[in-house]
Structures are given as structure tokens and as C-alpha cells.
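See below for run33.tsv, which holds TSV, C-alpha atoms.
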chain	number	residue	atom	x	y	z
G	27	MET	CA	-11.56	6.36	26.98
G	28	ILE	CA	-14.15	7.29	24.34
G	29	ILE	CA	-13.46	9.88	21.64
G	30	LYS	CA	-16.66	11.00	19.95
G	31	THR	CA	-17.44	13.48	17.16
G	32	ASP	CA	-20.39	13.82	14.76
G	33	ASP	CA	-18.58	11.63	12.21
G	34	TYR	CA	-16.80	8.97	14.27
G	35	ARG	CA	-16.33	7.35	17.65
G	36	ILE	CA	-13.25	5.61	19.07
G	37	GLU	CA	-13.81	3.43	22.14
G	38	CYS	CA	-10.87	1.97	24.02
G	39	ILE	CA	-12.09	1.14	27.49
G	40	ASP	CA	-11.22	-2.56	27.36
G	41	PRO	CA	-7.40	-2.97	27.83
G	42	THR	CA	-7.14	-5.45	24.95
G	43	ARG	CA	-9.63	-4.08	22.46
G	44	ALA	CA	-10.62	-0.88	20.61
G	45	VAL	CA	-13.75	-0.28	18.57
G	46	ILE	CA	-13.75	2.40	15.88
G	47	ILE	CA	-17.02	3.46	14.26
G	48	GLY	CA	-17.94	5.98	11.56
G	49	SER	CA	-16.28	7.98	8.80
G	50	LEU	CA	-12.66	9.08	9.39
G	51	ARG	CA	-11.39	11.57	6.83
G	52	LEU	CA	-9.03	13.86	8.70
G	53	PRO	CA	-6.73	16.14	6.67
G	54	THR	CA	-3.30	14.72	7.63
G	55	PRO	CA	-1.76	11.61	9.24
G	56	SER	CA	-0.77	13.66	12.30
G	57	ALA	CA	-4.39	14.82	12.78
G	58	TYR	CA	-5.11	11.19	13.72
G	59	GLU	CA	-2.39	11.05	16.39
G	60	PRO	CA	-4.44	12.39	19.34
G	61	HIS	CA	-7.28	10.04	18.45
G	62	PHE	CA	-5.06	6.96	18.20
G	63	LYS	CA	-2.93	7.87	21.26
G	64	PRO	CA	-5.22	6.04	23.75
G	65	ILE	CA	-4.87	2.90	21.60
G	66	LYS	CA	-1.06	3.21	21.69
G	67	GLU	CA	-1.17	3.63	25.46
G	68	LYS	CA	-3.05	0.33	25.75
G	69	ILE	CA	-0.71	-1.47	23.34
G	70	GLU	CA	2.48	-0.47	25.18
G	71	LYS	CA	1.15	-2.02	28.40
G	72	LEU	CA	0.38	-5.36	26.76
G	73	ARG	CA	2.12	-8.60	25.87
G	74	ASP	CA	-1.04	-10.32	24.59
G	75	PRO	CA	-2.64	-9.55	21.24
G	76	TYR	CA	-4.59	-6.30	20.87
G	77	THR	CA	-7.81	-6.27	18.84
G	78	ILE	CA	-9.02	-3.33	16.76
G	79	ASN	CA	-12.58	-3.64	15.50
G	80	ILE	CA	-13.24	-1.52	12.40
G	81	THR	CA	-16.29	-3.38	11.06
G	82	LYS	CA	-18.31	-0.15	11.24
G	83	VAL	CA	-15.73	2.22	9.77
G	84	SER	CA	-17.43	3.33	6.55
G	85	PHE	CA	-14.51	5.44	5.31
G	86	LEU	CA	-10.83	5.87	6.15
G	87	ASN	CA	-8.87	8.21	3.87
G	88	SER	CA	-5.22	7.79	2.89
G	89	SER	CA	-4.05	9.95	5.81
G	90	GLY	CA	-5.97	7.55	8.07
G	91	ILE	CA	-4.44	4.52	6.37
G	92	THR	CA	-0.99	6.01	7.05
G	93	ALA	CA	-1.95	6.63	10.70
G	94	PHE	CA	-3.28	3.07	10.97
G	95	ALA	CA	-0.03	1.72	9.51
G	96	ARG	CA	1.86	3.74	12.15
G	97	LEU	CA	-0.23	1.95	14.80
G	98	ILE	CA	0.84	-1.38	13.35
G	99	PHE	CA	4.52	-0.36	13.36
G	100	PHE	CA	4.10	0.84	16.95
G	101	ALA	CA	2.70	-2.58	17.93
G	102	LYS	CA	5.60	-4.23	16.09
G	103	GLU	CA	8.10	-2.17	18.12
G	104	HIS	CA	6.43	-3.48	21.30
G	105	ASN	CA	5.96	-6.96	19.83
G	106	VAL	CA	2.22	-6.93	20.51
G	107	PRO	CA	0.31	-8.93	17.86
G	108	ILE	CA	-2.62	-7.07	16.29
G	109	ILE	CA	-5.97	-8.58	15.37
G	110	ILE	CA	-8.05	-6.47	13.00
G	111	GLU	CA	-11.75	-7.28	12.85
G	112	ALA	CA	-12.96	-5.98	9.49
G	113	SER	CA	-15.99	-6.16	7.23
G	114	GLU	CA	-15.79	-7.52	3.71
G	115	THR	CA	-18.97	-5.68	2.75
G	116	ILE	CA	-17.26	-2.28	2.99
G	117	PRO	CA	-15.22	-1.81	-0.21
G	118	TRP	CA	-12.19	0.06	1.22
G	119	GLN	CA	-11.75	-2.51	4.00
G	120	GLU	CA	-11.84	-5.56	1.78
G	121	LYS	CA	-8.84	-4.35	-0.21
G	122	THR	CA	-6.83	-1.96	1.91
G	123	ILE	CA	-6.91	-3.88	5.18
G	124	THR	CA	-5.62	-6.97	3.38
G	125	SER	CA	-2.70	-4.85	2.14
G	126	LEU	CA	-2.05	-3.47	5.63
G	127	GLY	CA	-1.87	-7.04	6.92
G	128	LYS	CA	1.31	-7.46	4.85
G	129	LEU	CA	3.16	-4.86	6.93
G	130	TRP	CA	3.93	-7.33	9.75
G	131	SER	CA	3.57	-11.10	10.10
G	132	LYS	CA	1.84	-10.71	13.50
G	133	VAL	CA	-1.14	-8.82	12.08
G	134	SER	CA	-4.13	-11.09	11.60
G	135	ILE	CA	-7.31	-10.01	9.89
G	136	GLN	CA	-10.71	-11.48	10.63
G	137	PHE	CA	-13.35	-10.59	8.07
G	138	SER	CA	-17.02	-10.86	8.92
A	26	MET	CA	4.03	26.09	-24.89
A	27	GLN	CA	5.95	23.30	-23.19
A	28	LYS	CA	4.94	19.75	-23.96
A	29	ALA	CA	2.65	18.17	-21.34
A	30	LEU	CA	3.99	15.36	-19.15
A	31	LYS	CA	1.64	12.40	-19.39
A	32	TYR	CA	1.28	9.23	-17.35
A	33	GLY	CA	-0.98	6.20	-17.76
A	34	LEU	CA	-4.41	6.88	-19.28
A	35	TYR	CA	-3.25	10.16	-20.81
A	36	ASN	CA	-1.06	8.17	-23.16
A	37	GLN	CA	-4.21	6.47	-24.54
A	38	GLU	CA	-6.81	9.21	-25.00
A	39	THR	CA	-9.32	7.18	-27.04
A	40	ARG	CA	-12.10	7.56	-24.44
A	41	GLU	CA	-12.23	11.36	-24.91
A	42	LYS	CA	-13.81	10.88	-28.33
A	43	GLU	CA	-16.80	8.92	-26.97
A	44	ASP	CA	-20.05	10.55	-25.85
A	45	PRO	CA	-20.69	9.83	-22.17
A	46	GLU	CA	-24.15	8.71	-21.03
A	47	LEU	CA	-23.89	10.94	-18.01
A	48	SER	CA	-21.52	13.79	-17.38
A	49	PHE	CA	-21.29	16.51	-14.84
A	50	SER	CA	-18.70	18.91	-13.63
A	51	PHE	CA	-18.29	20.61	-10.26
A	52	LYS	CA	-16.15	23.63	-9.52
A	53	LEU	CA	-15.01	23.69	-5.91
A	54	PRO	CA	-13.41	26.92	-4.65
A	55	LEU	CA	-10.51	26.11	-2.34
A	56	ALA	CA	-11.67	28.81	0.08
A	57	ILE	CA	-14.74	26.68	0.71
A	58	MET	CA	-12.90	23.36	0.64
A	59	ASN	CA	-10.59	24.55	3.41
A	60	LYS	CA	-13.36	23.38	5.65
A	61	TRP	CA	-11.99	19.88	5.31
A	62	ASP	CA	-15.18	17.95	6.00
A	63	ARG	CA	-16.62	19.37	2.77
A	64	CYS	CA	-14.33	16.98	0.84
A	65	GLY	CA	-16.25	14.06	2.33
A	66	LEU	CA	-19.65	15.74	1.89
A	67	THR	CA	-18.93	16.47	-1.78
A	68	SER	CA	-17.61	12.94	-2.39
A	69	ASN	CA	-20.63	11.32	-0.74
A	70	PHE	CA	-23.05	13.49	-2.73
A	71	LEU	CA	-21.38	12.78	-6.10
A	72	ALA	CA	-21.10	9.07	-5.29
A	73	ASN	CA	-24.73	8.74	-4.21
A	74	TYR	CA	-25.91	10.53	-7.35
A	75	GLN	CA	-23.80	8.35	-9.60
A	76	SER	CA	-24.58	4.99	-7.98
A	77	ALA	CA	-28.40	5.16	-7.78
A	78	THR	CA	-28.95	2.96	-10.84
A	79	PHE	CA	-26.45	0.23	-9.95
A	80	PRO	CA	-27.55	-3.21	-8.64
A	81	GLN	CA	-25.83	-2.63	-5.27
A	82	PRO	CA	-26.19	1.14	-4.86
A	83	GLU	CA	-24.87	1.31	-1.29
A	84	LYS	CA	-21.71	-0.66	-2.01
A	85	THR	CA	-21.15	1.20	-5.29
A	86	SER	CA	-21.66	4.54	-3.56
A	87	SER	CA	-19.17	3.58	-0.84
A	88	LEU	CA	-16.53	2.61	-3.41
A	89	LEU	CA	-17.11	5.71	-5.56
A	90	SER	CA	-17.03	8.00	-2.53
A	91	THR	CA	-13.69	6.48	-1.47
A	92	ILE	CA	-12.25	7.11	-4.95
A	93	ILE	CA	-13.70	10.61	-5.42
A	94	ASN	CA	-12.60	11.67	-1.93
A	95	GLU	CA	-8.99	10.57	-2.53
A	96	LEU	CA	-8.89	12.43	-5.85
A	97	ILE	CA	-10.35	15.62	-4.32
A	98	GLU	CA	-7.99	15.46	-1.32
A	99	ASN	CA	-5.08	14.86	-3.69
A	100	ALA	CA	-6.07	17.86	-5.87
A	101	ILE	CA	-6.36	20.11	-2.82
A	102	LYS	CA	-3.01	19.02	-1.38
A	103	TYR	CA	-1.28	19.73	-4.70
A	104	SER	CA	-3.06	23.08	-5.23
A	105	SER	CA	-1.32	26.43	-5.14
A	106	SER	CA	-3.34	28.77	-2.92
A	107	ALA	CA	-6.75	29.59	-1.52
A	108	ASP	CA	-7.81	31.90	-4.34
A	109	LYS	CA	-7.93	29.01	-6.83
A	110	GLN	CA	-10.44	26.28	-7.39
A	111	ILE	CA	-10.40	22.63	-8.27
A	112	THR	CA	-12.71	21.01	-10.79
A	113	VAL	CA	-14.20	17.54	-10.46
A	114	ILE	CA	-15.67	15.91	-13.56
A	115	ILE	CA	-17.53	12.60	-13.58
A	116	LYS	CA	-18.44	10.83	-16.80
A	117	HIS	CA	-20.29	7.57	-17.14
A	118	PHE	CA	-19.55	5.79	-20.41
A	119	GLN	CA	-21.20	2.51	-21.37
A	120	ASN	CA	-18.95	0.26	-19.26
A	121	THR	CA	-16.72	2.75	-17.52
A	122	ILE	CA	-16.93	5.48	-14.91
A	123	GLN	CA	-14.30	8.17	-15.27
A	124	ILE	CA	-13.53	10.60	-12.46
A	125	LYS	CA	-11.24	13.52	-13.16
A	126	THR	CA	-9.86	16.40	-11.10
A	127	ILE	CA	-8.17	19.55	-12.40
A	128	ASN	CA	-6.09	21.83	-10.20
A	129	PHE	CA	-3.26	24.34	-10.43
A	130	ALA	CA	0.01	23.80	-8.63
A	131	GLU	CA	3.26	25.65	-8.05
A	132	GLU	CA	6.67	24.49	-9.25
A	133	GLU	CA	7.74	22.84	-5.98
A	134	THR	CA	4.61	20.70	-5.53
A	135	THR	CA	4.62	19.82	-9.22
A	136	GLN	CA	8.17	18.49	-8.85
A	137	LYS	CA	6.95	16.26	-6.00
A	138	LEU	CA	4.19	14.93	-8.24
A	139	LYS	CA	6.68	14.28	-11.05
A	140	THR	CA	8.88	12.30	-8.64
A	141	TYR	CA	5.79	10.37	-7.56
A	142	ILE	CA	4.92	9.54	-11.19
A	143	LEU	CA	8.46	8.25	-11.69
A	144	LYS	CA	8.08	5.98	-8.65
A	145	LEU	CA	4.72	4.71	-9.97
A	146	SER	CA	6.31	3.90	-13.31
A	147	GLU	CA	9.34	2.10	-11.92
A	148	ASN	CA	7.97	0.02	-9.03
A	149	SER	CA	5.36	-2.64	-8.40
A	150	HIS	CA	2.39	-0.82	-6.88
A	151	GLU	CA	2.08	-3.14	-3.91
A	152	ASN	CA	5.78	-2.88	-3.02
A	153	LEU	CA	5.59	0.89	-3.38
A	154	PHE	CA	2.46	1.02	-1.17
A	155	LEU	CA	4.13	-1.00	1.60
A	156	SER	CA	7.48	0.79	1.40
A	157	GLN	CA	5.77	4.19	1.37
A	158	LEU	CA	3.86	3.27	4.55
A	159	GLU	CA	7.07	2.09	6.22
A	160	GLU	CA	8.83	5.31	5.20
A	161	ASN	CA	5.89	7.40	6.49
A	162	SER	CA	6.09	5.68	9.87
A	163	GLN	CA	9.60	7.02	10.38
A	164	ARG	CA	8.95	10.68	9.62
A	165	GLU	CA	6.49	13.30	10.69
A	166	ASP	CA	5.71	14.49	7.15
A	167	ASN	CA	2.06	15.39	6.85
A	168	HIS	CA	1.71	14.28	3.24
A	169	SER	CA	1.01	10.55	3.26
A	170	GLY	CA	1.80	10.11	-0.45
A	171	ILE	CA	-0.36	7.02	-0.71
A	172	GLY	CA	-3.71	8.47	-1.87
A	173	LEU	CA	-3.35	7.73	-5.60
A	174	LEU	CA	-1.38	4.58	-4.84
A	175	THR	CA	-4.24	3.20	-2.72
A	176	LEU	CA	-6.59	3.72	-5.65
A	177	ILE	CA	-4.41	1.78	-8.08
A	178	ASN	CA	-3.21	-0.89	-5.68
A	179	ASP	CA	-6.42	-1.63	-3.79
A	180	HIS	CA	-9.21	-0.69	-6.14
A	181	ASN	CA	-7.84	-1.90	-9.45
A	182	LEU	CA	-8.28	1.46	-11.17
A	183	LYS	CA	-6.60	2.77	-14.25
A	184	LEU	CA	-4.97	6.10	-13.52
A	185	GLY	CA	-3.80	8.96	-15.69
A	186	ILE	CA	-1.91	12.14	-14.83
A	187	ARG	CA	-1.24	15.08	-17.12
A	188	ILE	CA	0.91	18.06	-16.16
A	189	GLN	CA	0.98	21.17	-18.37
A	190	LYS	CA	2.74	24.45	-17.60
A	191	GLU	CA	0.33	27.39	-17.71
A	192	ASP	CA	2.08	30.75	-17.15
A	193	ALA	CA	3.55	30.69	-13.62
A	194	LEU	CA	1.61	27.62	-12.51
A	195	TYR	CA	1.10	24.04	-13.67
A	196	GLU	CA	-2.31	22.67	-14.65
A	197	ILE	CA	-2.68	19.15	-13.29
A	198	HIS	CA	-5.26	16.68	-14.53
A	199	VAL	CA	-5.69	13.39	-12.67
A	200	LYS	CA	-8.22	10.87	-13.85
A	201	ALA	CA	-9.25	7.42	-12.70
A	202	GLU	CA	-11.35	4.90	-14.57
A	203	LEU	CA	-13.15	1.86	-13.26
A	204	GLU	CA	-15.14	-0.76	-15.11
A	205	THR	CA	-18.84	-0.84	-14.23
A	206	ASN	CA	-18.84	-4.65	-14.62
A	207	ASP	CA	-16.92	-4.76	-11.32
A	208	LEU	CA	-19.71	-2.92	-9.49

Would you mind giving the structure from this file in C-alpha cells?
Amino acid sequence: MIIKTDDYRIECIDPTRAVIIGSLRLPTPSAYEPHFKPIKEKIEKLRDPYTINITKVSFLNSSGITAFARLIFFAKEHNVPIIIEASETIPWQEKTITSLGKLWSKVSIQFS
Amino acid sequence: MQKALKYGLYNQETREKEDPELSFSFKLPLAIMNKWDRCGLTSNFLANYQSATFPQPEKTSSLLSTIINELIENAIKYSSSADKQITVIIKHFQNTIQIKTINFAEEETTQKLKTYILKLSENSHENLFLSQLEENSQREDNHSGIGLLTLINDHNLKLGIRIQKEDALYEIHVKAELETNDL
């Protein structure tokens, strides 16, 4: 499934991998739910690690960080390890993604 | 007039006496900002303008836009109603960029902000950030409560909050400062 707007694009066709691109600044954490639902649907069918590539996410606001944390807790409930591919050249990712990695021991972050 | 409640930078107001090298102020009517994507547009514009002279303008703009956007979103979420406006002020001092928002809030939302300030004062910011995210995952509340916390915890900013009762409403000032040496 591909969700596409003028500001962002969420691709989750591959059963083990999602790619998120663009600027995500939705008004509330629940506004992210329909966009992240296809990712949750993939995670609940898995036992192997699931990868989320955010190397081209230029902005994610605090509502998005909350929604992303909910994804991590969802994966934890299903015991599916999460690999986050991030970019250390984008300021919010360098700091915030490292903090999100502390939410669960089975979250690994790969910076490029 | 009741005494203002102050947190962080507002307990050390020395900077206010300095002349900034650059200063501008934007008034944003909430009726316009209800089109939510204008928060991002405004933040990107202010950040691009401010970062043009820095050695890494794109990276600086990205960081400033992240900070300005969180402050604007925070001011809107704590604002009283659509007939009001928020103000964004950016000042560039010699080694510091200061970003400030001013908004008006009702009693109930002001109480939430006061509770938040108390949590900021009493907890380590990283622990508070992680516990707030865990708490948020278990409820459907639409207020994430981590906007200002992200700024302090992840971006190493100094934060100040000032709450002053003005007639039936409360005037809320939130300001963040970052050192330009880090940019």
C-alpha cells in the first residue's frame, strides 16, 4: 500500500519494510493512525524484524513522534523487533530517534 | 495584578536588556492557523530567513524549523479560541538565537501547563520524555505533551515559560534559546 500526499509518502508494499518520505506535521497523534495502520498490519503478521526507513523524513512533529512511539509499543506487544534506518544529517532524527530507541531493547537504529 | 509564574529562562532575564542583531515579530491569527499546514509553512519561512548566513544553512534551517514549529503548535494547542492570535518573535543576539511565542489561554489549559511545568522541574527530562511516550501509548488523548520536552531533551535548548493572568485569560510566554556555536 502507498499513501501519498503533497507533503509525504508512506510505502509499505514489502511485508518486512516500510519507507516514509517527506514532511509529517499532522495536528494530533491520532491523525497519524490511518497512515500508520498499514505498517501495523504488516507487523502483526511477522515474527522477523520489521524495518522502517525514515532517511528522507525531513520533519516529524511531536504528535508524529508520539505516533511513532505507539508503533514501537505495538511491535513490542507482538514481539517483532524494529530496525529504524535513519539519517544523521537531519537534525531531528539524530537526536529524537536515538531517544526513541530507548523505548524497547529490540529497537535498533542504523544511521547513514 | 497577580504575580507571574515563571519557569527556566524567565528566572534569569538578563538577555532582555541586550540589543539583538536581528529581530522580527509575526502575528498569526488563529483563524488562519486553523489550516494546520500553515504552521509548517510559517516555521519553514522563518527558519530559512534566519539561517541564510550560517555555515550550514540547510541543516540550520531544518533545526530551526523543527524548533519554531513545535513552539507554534504548542502555542496554538494552549490557545483559547479562534478569535485570538499568537505572536512569534525571533531575536538573534551575538551568540544566541531566541524564539518566543505569546498566546492567551483559558483557566483549564493553563492548569495543564502549570502541571507540565511542575513535571519538568521535578524529573530528569529524558525519563519524563520516555515515560510520557509510554503513557501516551495507553490512552487516546490527542495532546501528546512532548512538544516542549522534545526541544529540551533532544535539542539541548534552554526553555522559559511565563504565565500571567490578564482579565479572564492567561497570557503565556514560551521562549527557547540555542547557542549559535552549535550550528

One-decimal distance in Å that lies between atom CA of G:Ile78 and atom CA of G:Leu97: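 Interatomic distance, atom CA of G:Leu97 to atom CA of G:Ile78: 10.4 Å.
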
10 Å contacts from chain A to chain G using all atoms listed in the file, as number ranges by chain: A: 59-62, 64-65, 83-92, 94-95, 98-99, 102, 151, 154-163, 165-176, 178-181

Atomic distance atom CA of G:Lys82 - atom CA of G:Val45, expressed in Å with one decimal: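 Calculated distance between atom CA of G:Lys82 and atom CA of G:Val45 is 8.6 Å.
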
Just the residues within 10 Å of G:Leu72, please, counting all atoms listed in the file, with nothing from its chain fewer than 2 positions along; format it as an mmCIF file with C-alpha atoms, keeping the file's coordinate frame.
data_model
loop_
_atom_site.group_PDB
_atom_site.id
_atom_site.type_symbol
_atom_site.label_atom_id
_atom_site.label_comp_id
_atom_site.auth_asym_id
_atom_site.auth_seq_id
_atom_site.Cartn_x
_atom_site.Cartn_y
_atom_site.Cartn_z
ATOM 1 C CA PRO G 41 -7.400 -2.970 27.830
ATOM 2 C CA THR G 42 -7.140 -5.450 24.950
ATOM 3 C CA GLU G 67 -1.170 3.630 25.460
ATOM 4 C CA LYS G 68 -3.050 0.330 25.750
ATOM 5 C CA ILE G 69 -0.710 -1.470 23.340
ATOM 6 C CA GLU G 70 2.480 -0.470 25.180
ATOM 7 C CA ASP G 74 -1.040 -10.320 24.590
ATOM 8 C CA PRO G 75 -2.640 -9.550 21.240
ATOM 9 C CA TYR G 76 -4.590 -6.300 20.870
ATOM 10 C CA ALA G 101 2.700 -2.580 17.930
ATOM 11 C CA HIS G 104 6.430 -3.480 21.300
ATOM 12 C CA ASN G 105 5.960 -6.960 19.830
ATOM 13 C CA VAL G 106 2.220 -6.930 20.510
ATOM 14 C CA PRO G 107 0.310 -8.930 17.860
#

7 Å contact set for A:Tyr32, only C-alpha atoms, chain neighbours under 4 positions out, as a ChimeraX atom specification: /A:36,185-187

Nearest to G:Ile47, chosen from G:Ala112, G:Ile65, G:Ile28, G:Ile80, with all atoms listed in the file counted in the distances: G:Ile80

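With distances taken from (-4.1, 13.6, -9.7) and restricted to all atoms listed in the file, the residues inside 9 Å are Leu96, Ile97, Asn99, Ala100, Tyr103, Lys125, Thr126, Ile127, Asn128, Leu138, Leu173, Leu184, Gly185, Ile186, Arg187, Ile197, His198, Val199, Lys200 and Ala201 of chain A.
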
Atom-to-atom span, atom CA of A:Phe49 and atom CA of A:Leu66, Å: 16.8 Å

Polymer residues at most 7 Å from (-16.6, 18.5, -4.0) by only C-alpha atoms, as a VMD selection string: chain A and resid 51 53 63 to 64 67 to 68 97 113

Residue nearest G:Phe137 among G:Met27, G:Ala44, G:Ile110, G:Ile39 (counting only C-alpha atoms): G:Ile110
